[in-house]
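So this block is upload.csv, CSV, C-alpha atoms:
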chain,number,residue,atom,x,y,z
A,211,MET,CA,72.5,-74.2,-71.0
A,212,ILE,CA,68.9,-74.7,-72.0
A,213,GLU,CA,68.0,-71.3,-70.5
A,214,ALA,CA,70.7,-69.5,-72.5
A,215,LEU,CA,69.4,-71.2,-75.6
A,216,PHE,CA,66.0,-69.4,-75.2
A,217,ASN,CA,67.3,-66.1,-73.8
A,218,GLN,CA,68.1,-64.4,-77.1
A,219,PRO,CA,66.9,-60.7,-76.9
A,220,ASN,CA,65.1,-60.9,-80.3
A,221,TYR,CA,63.2,-64.0,-79.3
A,222,LEU,CA,62.3,-62.7,-75.9
A,223,SER,CA,61.2,-59.4,-77.4
A,224,ALA,CA,58.9,-61.3,-79.9
A,225,LYS,CA,57.4,-63.3,-77.0
A,226,LYS,CA,56.7,-60.1,-75.0
A,227,THR,CA,55.2,-58.4,-78.0
A,228,LEU,CA,52.9,-61.4,-78.3
A,229,ASP,CA,51.8,-60.9,-74.7
A,230,ALA,CA,51.0,-57.3,-75.5
A,231,VAL,CA,49.2,-58.2,-78.6
A,232,ALA,CA,47.0,-60.7,-76.8
A,233,LEU,CA,46.2,-58.1,-74.1
A,234,ARG,CA,45.5,-55.4,-76.7
A,235,SER,CA,43.0,-57.7,-78.6
A,236,GLU,CA,41.1,-58.1,-75.3
A,237,ALA,CA,41.0,-54.3,-74.9
A,238,ILE,CA,39.8,-53.7,-78.5
A,239,ALA,CA,37.2,-56.4,-78.1
A,240,ASN,CA,36.0,-54.7,-74.9
A,241,ASN,CA,35.9,-51.3,-76.7
A,242,LEU,CA,33.8,-52.7,-79.5
A,243,ASN,CA,31.5,-54.4,-77.1
A,244,ASN,CA,30.8,-51.0,-75.5
A,245,LEU,CA,30.5,-49.0,-78.7
A,246,GLU,CA,27.1,-47.8,-77.8
A,247,THR,CA,27.4,-47.6,-74.0
A,248,PRO,CA,27.0,-44.0,-72.7
A,249,GLY,CA,30.0,-42.6,-70.9
A,250,TYR,CA,32.3,-45.5,-71.7
A,251,LYS,CA,36.0,-44.5,-72.2
A,252,ARG,CA,38.1,-46.7,-74.4
A,253,VAL,CA,40.9,-48.8,-72.9
A,254,ASP,CA,44.2,-49.7,-74.5
A,255,LEU,CA,47.8,-50.8,-73.6
A,256,ALA,CA,49.5,-48.5,-71.1
A,257,PRO,CA,51.8,-46.4,-73.3
A,258,ASP,CA,55.1,-46.8,-71.5
A,259,PHE,CA,55.2,-50.5,-72.2
A,260,GLU,CA,56.2,-50.0,-75.9
A,261,LYS,CA,58.8,-47.4,-75.1
A,262,GLU,CA,60.4,-49.7,-72.5
A,263,LEU,CA,60.4,-52.7,-74.8
A,264,ALA,CA,62.0,-50.7,-77.6
A,265,ARG,CA,64.7,-49.4,-75.3
A,266,ALA,CA,65.4,-52.8,-73.8
A,267,THR,CA,65.6,-54.4,-77.3
A,268,THR,CA,68.1,-51.9,-78.6
A,269,SER,CA,70.3,-52.3,-75.6
A,270,ASN,CA,70.0,-56.1,-76.0
A,271,ASP,CA,69.3,-56.6,-72.3
A,272,SER,CA,67.6,-60.0,-72.0
A,273,GLU,CA,66.8,-59.7,-68.3
A,274,GLN,CA,65.2,-56.3,-68.7
A,275,ILE,CA,63.0,-57.6,-71.6
A,276,ALA,CA,62.0,-60.6,-69.5
A,277,SER,CA,60.9,-58.4,-66.6
A,278,LEU,CA,58.6,-56.2,-68.6
A,279,LYS,CA,54.8,-56.7,-68.1
A,280,PRO,CA,52.2,-55.1,-70.4
A,281,THR,CA,49.1,-53.7,-68.7
A,282,LEU,CA,45.8,-52.1,-69.8
A,283,ALA,CA,44.8,-48.6,-68.9
A,284,VAL,CA,42.1,-46.1,-69.9
A,285,ASP,CA,43.2,-44.2,-73.0
A,286,ALA,CA,43.8,-40.7,-71.8
A,287,THR,CA,44.2,-39.3,-75.3
A,288,SER,CA,40.8,-40.4,-76.6
A,289,VAL,CA,38.2,-37.7,-77.2
A,290,PRO,CA,34.5,-38.4,-76.9
A,291,SER,CA,32.8,-39.3,-80.2
A,292,SER,CA,29.3,-38.5,-79.2
A,293,LYS,CA,27.3,-36.4,-76.7
A,294,ASP,CA,26.9,-39.2,-74.2
A,295,GLY,CA,30.6,-39.3,-73.5
A,296,ASN,CA,31.4,-42.5,-75.3
A,297,SER,CA,35.0,-42.2,-76.6
A,298,VAL,CA,35.1,-45.2,-79.0
A,299,HIS,CA,35.4,-44.4,-82.7
A,300,LEU,CA,34.4,-47.3,-84.8
A,301,GLU,CA,36.7,-46.9,-87.8
A,302,ASP,CA,39.6,-46.1,-85.5
A,303,GLU,CA,39.0,-49.2,-83.5
A,304,LEU,CA,38.6,-51.5,-86.5
A,305,MET,CA,41.9,-50.1,-87.9
A,306,LYS,CA,43.6,-50.9,-84.6
A,307,MET,CA,42.1,-54.4,-84.7
A,308,ASN,CA,43.6,-55.0,-88.1
A,309,GLN,CA,47.0,-53.6,-87.2
A,310,ASN,CA,47.0,-55.8,-84.1
A,311,ALA,CA,46.2,-58.9,-86.2
A,312,MET,CA,49.1,-58.1,-88.5
A,313,THR,CA,51.5,-57.6,-85.6
A,314,HIS,CA,50.3,-60.9,-84.2
A,315,ALA,CA,51.0,-62.6,-87.6
A,316,LEU,CA,54.5,-61.1,-87.7
A,317,GLU,CA,55.5,-62.0,-84.2
A,318,THR,CA,54.1,-65.5,-84.5
A,319,GLN,CA,56.2,-66.0,-87.6
A,320,LEU,CA,59.3,-64.7,-85.8
A,321,VAL,CA,58.8,-67.1,-83.0
A,322,SER,CA,58.1,-70.0,-85.3
A,323,GLY,CA,61.2,-69.2,-87.4
A,324,THR,CA,63.5,-69.0,-84.4
A,325,LEU,CA,62.2,-72.4,-83.1
A,326,ALA,CA,62.6,-73.9,-86.6
A,327,LYS,CA,66.2,-72.6,-86.8
A,328,MET,CA,67.0,-74.2,-83.4
A,329,ARG,CA,65.6,-77.5,-84.5
A,330,LEU,CA,67.7,-77.3,-87.7
A,331,ALA,CA,70.8,-76.5,-85.7
A,332,ILE,CA,70.2,-79.4,-83.3
A,333,THR,CA,69.1,-82.2,-85.6
A,334,GLY,CA,70.7,-81.1,-88.9
A,335,HIS,CA,67.3,-81.3,-90.7
A,336,ALA,CA,63.8,-79.8,-90.2
B,278,MET,CA,74.7,-92.0,-65.6
B,279,SER,CA,77.3,-94.6,-64.5
B,280,PRO,CA,78.5,-95.8,-67.9
B,281,LEU,CA,79.0,-92.2,-69.0
B,282,SER,CA,80.9,-91.1,-65.9
B,283,GLY,CA,83.5,-93.7,-66.8
B,284,ILE,CA,84.6,-91.6,-69.8
B,285,PRO,CA,86.7,-89.2,-67.8
B,286,ALA,CA,88.8,-92.1,-66.5
B,287,TYR,CA,89.7,-93.1,-70.1
B,288,SER,CA,90.4,-89.6,-71.3
B,289,SER,CA,92.7,-88.4,-68.6
B,290,GLY,CA,94.5,-91.7,-68.2
B,291,MET,CA,95.0,-93.2,-71.7
B,292,MET,CA,94.6,-90.8,-74.6
B,293,PRO,CA,94.4,-87.2,-75.6
B,294,ARG,CA,91.3,-85.2,-74.8
B,295,ILE,CA,88.4,-86.2,-77.0
B,296,ALA,CA,87.6,-83.6,-79.7
B,297,PRO,CA,84.0,-83.1,-80.7
B,298,LEU,CA,83.0,-85.3,-83.7
B,299,PRO,CA,83.0,-83.5,-87.1
B,300,GLY,CA,79.6,-82.2,-88.0
B,301,ASN,CA,78.5,-81.9,-84.4
B,302,ASP,CA,75.6,-79.7,-84.9
B,303,VAL,CA,75.4,-78.7,-81.2
B,304,ALA,CA,78.2,-76.2,-81.9
B,305,GLU,CA,76.2,-74.3,-84.5
B,306,LEU,CA,73.7,-73.0,-82.0
B,307,PRO,CA,73.3,-69.2,-81.5
B,308,SER,CA,76.6,-67.5,-80.7
B,309,GLN,CA,75.6,-66.4,-77.2
B,310,LEU,CA,75.4,-70.0,-76.1
B,311,PRO,CA,78.2,-70.6,-73.6
B,312,SER,CA,80.9,-72.9,-74.9
B,313,ALA,CA,80.0,-76.5,-74.3
B,314,ALA,CA,83.6,-77.9,-74.5
B,315,PRO,CA,84.4,-79.5,-71.1
B,316,ALA,CA,87.4,-78.1,-69.3
B,317,ALA,CA,88.2,-81.0,-67.0
B,318,GLY,CA,86.7,-84.5,-66.8
B,319,SER,CA,84.5,-84.1,-63.7
B,320,ASP,CA,82.6,-81.0,-65.0
B,321,PHE,CA,81.2,-82.9,-67.9
B,322,SER,CA,78.9,-85.3,-66.0
B,323,SER,CA,77.7,-82.5,-63.7
B,324,MET,CA,77.0,-80.4,-66.8
B,325,LEU,CA,74.9,-83.3,-68.3
B,326,GLY,CA,73.0,-83.6,-65.0
B,327,LYS,CA,72.3,-79.9,-65.1
B,328,MET,CA,71.0,-80.1,-68.6
B,329,VAL,CA,68.7,-83.0,-67.8
B,330,SER,CA,67.2,-81.2,-64.9
B,331,GLU,CA,66.8,-78.0,-67.0
B,332,VAL,CA,65.0,-80.0,-69.7
B,333,ASN,CA,62.8,-81.6,-67.1
B,334,ALA,CA,61.9,-78.1,-65.7
B,335,LYS,CA,60.9,-77.0,-69.2
B,336,GLN,CA,58.7,-80.1,-69.6
B,337,MET,CA,57.0,-79.4,-66.2
B,338,ASP,CA,56.5,-75.8,-67.2
B,339,ALA,CA,54.8,-76.9,-70.4
B,340,SER,CA,52.5,-79.5,-68.9
B,341,GLN,CA,51.6,-76.9,-66.2
B,342,SER,CA,50.6,-74.3,-68.8
B,343,VAL,CA,48.6,-76.9,-70.7
B,344,ASN,CA,46.8,-78.1,-67.6
B,345,ALA,CA,45.9,-74.6,-66.6
B,346,LEU,CA,44.6,-73.9,-70.1
B,347,GLN,CA,42.5,-77.1,-70.1
B,348,SER,CA,41.0,-76.3,-66.7
B,349,GLY,CA,39.8,-73.0,-68.0
B,350,GLN,CA,42.2,-70.7,-66.2
B,351,ASN,CA,43.2,-67.4,-67.7
B,352,VAL,CA,46.4,-68.6,-69.4
B,353,PRO,CA,47.1,-66.9,-72.8
B,354,LEU,CA,47.1,-69.5,-75.5
B,355,HIS,CA,50.4,-68.4,-77.1
B,356,GLN,CA,52.2,-68.9,-73.8
B,357,ALA,CA,51.0,-72.5,-73.6
B,358,VAL,CA,51.9,-73.2,-77.2
B,359,ILE,CA,55.3,-71.6,-77.0
B,360,SER,CA,56.3,-73.4,-73.8
B,361,MET,CA,55.3,-76.7,-75.4
B,362,GLU,CA,57.5,-76.0,-78.4
B,363,GLU,CA,60.4,-74.9,-76.2
B,364,ALA,CA,60.1,-78.0,-74.2
B,365,SER,CA,60.1,-80.1,-77.4
B,366,VAL,CA,63.2,-78.3,-78.7
B,367,SER,CA,65.1,-78.7,-75.4
B,368,PHE,CA,64.2,-82.4,-75.4
B,369,GLN,CA,65.5,-82.8,-78.9
B,370,LEU,CA,68.7,-81.1,-77.9
B,371,MET,CA,69.1,-83.5,-75.1
B,372,VAL,CA,68.5,-86.5,-77.3
B,373,GLU,CA,71.0,-85.3,-79.9
B,374,VAL,CA,73.6,-84.8,-77.2
B,375,ARG,CA,73.0,-88.3,-75.9
B,376,ASN,CA,73.3,-89.7,-79.5
B,377,ARG,CA,76.6,-87.9,-80.0
B,378,LEU,CA,77.9,-89.2,-76.7
B,379,MET,CA,76.9,-92.8,-77.5
B,380,ASP,CA,78.6,-92.4,-80.9
B,381,SER,CA,81.8,-91.1,-79.4
B,382,TYR,CA,81.8,-93.8,-76.7
B,383,GLN,CA,81.4,-96.5,-79.3
B,384,GLU,CA,84.1,-94.9,-81.4
B,385,ILE,CA,86.5,-95.0,-78.4
B,386,MET,CA,85.6,-98.6,-77.7
B,387,ARG,CA,86.4,-99.5,-81.3
B,388,MET,CA,89.9,-97.9,-81.2
B,389,GLN,CA,92.7,-100.4,-81.2
B,390,ILE,CA,95.0,-99.9,-78.3
C,190,MET,CA,35.9,-74.6,-70.5
C,191,ILE,CA,39.1,-73.9,-72.4
C,192,GLN,CA,39.5,-70.2,-73.0
C,193,ILE,CA,41.1,-70.4,-76.4
C,194,LEU,CA,39.7,-67.2,-77.9
C,195,SER,CA,41.0,-64.4,-75.8
C,196,GLY,CA,39.0,-61.5,-74.8
C,197,ILE,CA,35.7,-62.3,-76.3
C,198,GLN,CA,33.8,-63.5,-73.3
C,199,ASN,CA,31.8,-60.3,-73.3
C,200,THR,CA,31.2,-60.2,-77.0
C,201,SER,CA,28.3,-62.6,-76.9
C,202,ALA,CA,26.6,-60.4,-74.3
C,203,SER,CA,27.1,-57.5,-76.5
C,204,LEU,CA,25.8,-59.3,-79.6
C,205,ASP,CA,22.8,-60.4,-77.6
C,206,ALA,CA,22.2,-56.8,-76.5
C,207,GLU,CA,22.4,-55.5,-80.0
C,208,ARG,CA,20.0,-58.1,-81.3
C,209,THR,CA,17.5,-57.1,-78.6
C,210,ARG,CA,17.9,-53.6,-79.8
C,211,LEU,CA,17.2,-54.6,-83.4
C,212,ASP,CA,14.1,-56.5,-82.2
C,213,VAL,CA,12.8,-53.4,-80.4
C,214,ILE,CA,13.4,-51.2,-83.3
C,215,SER,CA,11.6,-53.5,-85.7
C,216,GLN,CA,8.7,-53.6,-83.2
C,217,ASN,CA,8.6,-49.8,-83.1
C,218,ILE,CA,8.5,-49.6,-86.9
C,219,ALA,CA,5.8,-52.2,-87.2
C,220,ASN,CA,3.7,-50.3,-84.6
C,221,ALA,CA,4.2,-46.9,-86.1
C,222,HIS,CA,0.5,-46.5,-86.8
C,223,THR,CA,-1.0,-48.4,-83.9
C,224,THR,CA,-3.4,-46.0,-82.3
C,225,HIS,CA,-4.8,-48.6,-80.0
C,226,ASP,CA,-2.3,-50.7,-78.0
C,227,VAL,CA,-3.2,-53.4,-75.4
C,228,ASP,CA,-3.6,-50.8,-72.7
C,229,GLY,CA,-6.0,-48.7,-74.9
C,230,LYS,CA,-3.6,-45.9,-75.5
C,231,PRO,CA,-1.6,-45.2,-78.6
C,232,TYR,CA,1.6,-47.4,-78.9
C,233,GLN,CA,4.5,-45.9,-77.0
C,234,ARG,CA,7.9,-46.1,-78.5
C,235,ARG,CA,10.1,-48.6,-76.7
C,236,VAL,CA,13.7,-47.8,-75.9
C,237,VAL,CA,16.5,-50.2,-74.9
C,238,VAL,CA,18.6,-49.1,-71.9
C,239,PHE,CA,22.1,-50.5,-71.8
C,240,GLU,CA,24.1,-50.9,-68.6
C,241,ASN,CA,27.7,-51.4,-67.9
C,242,GLU,CA,29.3,-53.3,-65.1
C,243,LEU,CA,33.0,-53.7,-64.3
C,244,ASN,CA,34.3,-57.2,-64.6
C,245,ASN,CA,35.7,-58.8,-61.4
C,246,ALA,CA,39.4,-58.4,-62.1
C,247,MET,CA,40.7,-62.0,-62.5
C,248,ASN,CA,44.3,-60.7,-62.7
C,249,GLY,CA,45.7,-57.2,-62.5
C,250,ASP,CA,46.0,-56.7,-66.2
C,251,THR,CA,42.4,-56.9,-67.2
C,252,ALA,CA,41.0,-54.6,-64.4
C,253,GLY,CA,38.9,-51.9,-65.9
C,254,LEU,CA,37.2,-54.0,-68.6
C,255,SER,CA,33.5,-54.1,-68.4
C,256,THR,CA,30.5,-56.1,-69.6
C,257,MET,CA,27.5,-54.5,-71.0
C,258,HIS,CA,24.0,-55.9,-70.9
C,259,VAL,CA,20.4,-54.7,-71.4
C,260,ALA,CA,19.2,-53.2,-68.2
C,261,LYS,CA,15.6,-52.8,-69.3
C,262,ILE,CA,13.3,-52.0,-72.2
C,263,ALA,CA,11.8,-48.6,-71.2
C,264,ARG,CA,9.0,-46.7,-72.8
C,265,ASP,CA,9.7,-43.4,-74.4
C,266,SER,CA,7.9,-40.8,-72.3
C,267,ARG,CA,7.4,-38.3,-75.0
C,268,PRO,CA,3.7,-37.6,-75.6
C,269,PRO,CA,2.0,-39.0,-78.7
C,270,THR,CA,1.8,-36.8,-81.7
C,271,LYS,CA,-1.6,-35.5,-82.6
C,272,VAL,CA,-2.7,-35.7,-86.2
C,273,TYR,CA,-5.8,-34.1,-87.7
C,274,ASP,CA,-7.8,-36.9,-89.2
C,275,PRO,CA,-11.6,-36.4,-88.6
C,276,GLY,CA,-12.6,-39.5,-90.6
C,277,ASN,CA,-10.7,-41.9,-88.3
C,278,PRO,CA,-12.9,-43.8,-85.8
C,279,GLU,CA,-10.4,-42.9,-83.1
C,280,ALA,CA,-10.8,-39.2,-83.6
C,281,ASP,CA,-11.8,-37.1,-80.7
C,282,ALA,CA,-14.3,-34.2,-80.6
C,283,LYS,CA,-11.8,-31.9,-82.4
C,284,GLY,CA,-11.0,-34.5,-85.1
C,285,MET,CA,-7.4,-35.1,-83.7
C,286,VAL,CA,-6.0,-38.6,-83.5
C,287,SER,CA,-3.2,-39.5,-81.2
C,288,MET,CA,-0.5,-41.4,-83.2
C,289,PRO,CA,2.5,-43.1,-81.7
C,290,ASN,CA,5.5,-40.9,-81.2
C,291,ILE,CA,7.6,-42.9,-83.6
C,292,ASN,CA,9.8,-41.1,-86.2
C,293,ILE,CA,10.6,-43.5,-89.0
C,294,HIS,CA,13.9,-41.7,-89.8
C,295,GLU,CA,15.0,-41.9,-86.2
C,296,GLU,CA,14.2,-45.6,-86.1
C,297,MET,CA,16.1,-46.2,-89.4
C,298,ALA,CA,19.2,-44.3,-88.1
C,299,ASP,CA,19.1,-46.4,-84.9
C,300,LEU,CA,18.7,-49.6,-87.0
C,301,ILE,CA,21.8,-48.7,-89.0
C,302,SER,CA,23.8,-48.0,-85.9
C,303,ALA,CA,22.7,-51.2,-84.2
C,304,SER,CA,23.6,-53.3,-87.2
C,305,ARG,CA,27.0,-51.6,-87.4
C,306,THR,CA,27.8,-52.4,-83.8
C,307,PHE,CA,26.6,-56.0,-84.4
C,308,GLU,CA,28.9,-56.4,-87.4
C,309,ALA,CA,31.8,-54.9,-85.6
C,310,ASN,CA,31.4,-57.4,-82.8
C,311,LEU,CA,31.2,-60.2,-85.3
C,312,ALA,CA,34.4,-59.0,-86.8
C,313,VAL,CA,36.0,-59.2,-83.4
C,314,VAL,CA,35.1,-62.8,-83.0
C,315,LYS,CA,36.4,-63.6,-86.5
C,316,ASN,CA,39.6,-61.9,-85.8
C,317,ALA,CA,40.1,-63.6,-82.5
C,318,ARG,CA,39.5,-67.0,-84.2
C,319,SER,CA,42.1,-66.3,-86.9
C,320,MET,CA,44.7,-65.2,-84.3
C,321,ALA,CA,44.1,-68.3,-82.3
C,322,MET,CA,44.6,-70.5,-85.4
C,323,GLN,CA,47.8,-68.7,-86.1
C,324,THR,CA,49.0,-69.3,-82.6
C,325,LEU,CA,48.3,-73.0,-82.8
C,326,ALA,CA,50.4,-73.2,-85.9
C,327,ILE,CA,53.5,-72.0,-84.1
C,328,GLY,CA,56.3,-74.4,-84.5
C,329,ARG,CA,54.4,-76.6,-87.0
C,330,HIS,CA,56.7,-77.6,-89.9

For the structure just supplied, provide its representation as C-alpha cells.
Amino acid sequence: MIEALFNQPNYLSAKKTLDAVALRSEAIANNLNNLETPGYKRVDLAPDFEKELARATTSNDSEQIASLKPTLAVDATSVPSSKDGNSVHLEDELMKMNQNAMTHALETQLVSGTLAKMRLAITGHA
Amino acid sequence: MSPLSGIPAYSSGMMPRIAPLPGNDVAELPSQLPSAAPAAGSDFSSMLGKMVSEVNAKQMDASQSVNALQSGQNVPLHQAVISMEEASVSFQLMVEVRNRLMDSYQEIMRMQI
Amino acid sequence: MIQILSGIQNTSASLDAERTRLDVISQNIANAHTTHDVDGKPYQRRVVVFENELNNAMNGDTAGLSTMHVAKIARDSRPPTKVYDPGNPEADAKGMVSMPNINIHEEMADLISASRTFEANLAVVKNARSMAMQTLAIGRH
C-alpha cells in the first residue's frame, strides 16, 4: 500500500529527472574545470536517457521509469573550439548550466508539491 | 495488535460491516491507490501488519541514505532528502490510520446494544 | 566529510590552477624589461603546463570525469628578442640588447582568458550551492 502511494508515474519521472540533473551538473562542472585543458572533450548525459524517460512517461509505465538509469558519456556532437582540440565552448556551457538549474528548480517544486498534497490528503491540513 | 484483532469478531458476529467514518481522508489519496476497504475480517489485520512493515522499510531506507551521506559516501543529496520525506509521509499515514481505527473502536464501544 | 555540493570536488583544483596561471602571467608582465635575471640571462617567459588525469571511477556513472592540475611551470624556449639600444649598459659590441621574449598583448589575452575560466568555475560553485539549498527545502512547509 505504501509503495503504491509513491509509485505514481509523474512523481517517479520527477525523481528520475532529478537524478539526471544532479549527474548533469557534475558533468558541466567537470567541463568548466577543463576549459583550458588541451585535447579535452566535453562530457554530458548519454542522449538515450531522455528519450527513454519521455517514452516511459507518456506510456505511464511506473516500472519502466523506475528501471531507467542516467549515465554520462563523452559528447559525440561537440566540435573543437580551439586548435588544441578542447571541445568546451564557454558560453554554451554556461547556458547549459543555467538551464540545468531551472530544471532542478522545477523538478524540486514538483516533488515538493506531490509530497505536500499527500500530507494534505492524509491529515486534512498542511 | 491483539486489541485490534478483536474487531473482526464483533463485526461478523453482532452488527453490519463497519463503514468508514465520514471524512476519512485516507480515501482521498491518488486514484491508483488500491482500495483499502477490507473484504473479510481476517484480511484487515494482516493488511495492517503489512503496512507497518512497509513503513518500517521506508524508515530504514531513509536512515541508511542519511548515514551514507554523513559518512561521506557518494549519495546524491536529493535522494537522501526525498527518502526522508517519503518516510515521514508514510509514517503520518500510519498514524492517521491508527487514529481512525481507535476512533471507530471507541465508537463501537459506545454503541448501546 | 559530507558531500553536499555535488560534482565540485575538482573545481577547487581548477581554481587553484587558474590562480597559479594568473600569478605567472603577472610575473611575466612585471619582468617584461628585465634584461638581467638571477641566472645572468634575460628573463625568460614562464608558461604554465596543465595536465589532466582521469578520476578513479567511484561508481559507473562518473567514469570519464577528470581532474586537472598544474604539471609544471616551464620556461618558454623562444629566443630573447634583440633590440637596438647602444646607450644601454647591457648592450653588446653591435649595440643590441637582449630583451625578454614577452609580448604584452599576448600576456593580456592570456590574463583575460584565465580570469574568464576562474569566474566560470566560481559560477559553478555558486550554482551548486543554490541547487543544494533548493534540495534541502524539499517538503518544507

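One distance worth recording is that between atom CA of Leu320 of chain A and atom CA of Gln350 of chain B, which is 26.7 Å.
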
Atom-to-atom span, atom CA of Ala221 of chain C and atom CA of Thr306 of chain C, Å: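 Between atom CA of Ala221 of chain C and atom CA of Thr306 of chain C the gap is 24.3 Å.
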
9 Å contact set for segment 223-229 of chain A, only C-alpha atoms, chain neighbours under 6 positions out, as a VMD selection string: (chain A and resid 260 263 to 264 266 to 267 272 275 to 276 278 to 280 313 to 314 316 to 318 320 to 321) or (chain B and resid 353 355 to 356 359)

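For the pair atom CA of Ala206 of chain C and atom CA of Ser255 of chain C, the interatomic distance is 14.2 Å.
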
Exercise: Asn199 of chain C partners within 8 Å, only C-alpha atoms, chain neighbours under 2 positions left out, as a ChimeraX atom specification: /A:240,243 /C:196-197,201-203,256-257

Counting only C-alpha atoms, chain A residues within 7 Å of chain B, as number ranges by chain: A: 211-212, 214-215, 328-329, 331-334

Point (5.3, -47.5, -86.7), cut-off 9 Å, counting all atoms listed in the file, residues as a ChimeraX atom specification: /C:215-223,232,234,289-293

Proximal residues of chain B relative to chain C (all atoms listed in the file; 6 Å) as a list in words: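 On the chain B side, the interface is Leu346, Gln347, Gly349 and His355 of chain B.
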
Distance-based interface of chain A with chain C, 7 Å, counting all atoms listed in the file, as a list in words: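 Matching residues, ligands excluded from the count: Ser235, Glu236, Ala239, Asn240, Leu242, Asn243, Asn244, Leu245, Thr247, Thr281, Leu282, Ala311, Thr318, Ser322, Leu325 and Ala326 of chain A.
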
Those residues you just picked out, can you put them in a file as a PDB file, keeping the file's coordinate frame with C-alpha atoms?
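Produced file part.pdb, reproduced below:
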ATOM      1  CA  SER A 235      43.000 -57.700 -78.600  1.00  0.00           C
ATOM      2  CA  GLU A 236      41.100 -58.100 -75.300  1.00  0.00           C
ATOM      3  CA  ALA A 239      37.200 -56.400 -78.100  1.00  0.00           C
ATOM      4  CA  ASN A 240      36.000 -54.700 -74.900  1.00  0.00           C
ATOM      5  CA  LEU A 242      33.800 -52.700 -79.500  1.00  0.00           C
ATOM      6  CA  ASN A 243      31.500 -54.400 -77.100  1.00  0.00           C
ATOM      7  CA  ASN A 244      30.800 -51.000 -75.500  1.00  0.00           C
ATOM      8  CA  LEU A 245      30.500 -49.000 -78.700  1.00  0.00           C
ATOM      9  CA  THR A 247      27.400 -47.600 -74.000  1.00  0.00           C
ATOM     10  CA  THR A 281      49.100 -53.700 -68.700  1.00  0.00           C
ATOM     11  CA  LEU A 282      45.800 -52.100 -69.800  1.00  0.00           C
ATOM     12  CA  ALA A 311      46.200 -58.900 -86.200  1.00  0.00           C
ATOM     13  CA  THR A 318      54.100 -65.500 -84.500  1.00  0.00           C
ATOM     14  CA  SER A 322      58.100 -70.000 -85.300  1.00  0.00           C
ATOM     15  CA  LEU A 325      62.200 -72.400 -83.100  1.00  0.00           C
ATOM     16  CA  ALA A 326      62.600 -73.900 -86.600  1.00  0.00           C
TER      17      ALA A 326
END

Selection near Pro275 of chain C, 7 Å with only C-alpha atoms, sequence-local residues under 3 positions removed, as an MDAnalysis selection string: chainID C and resid 280 284:285
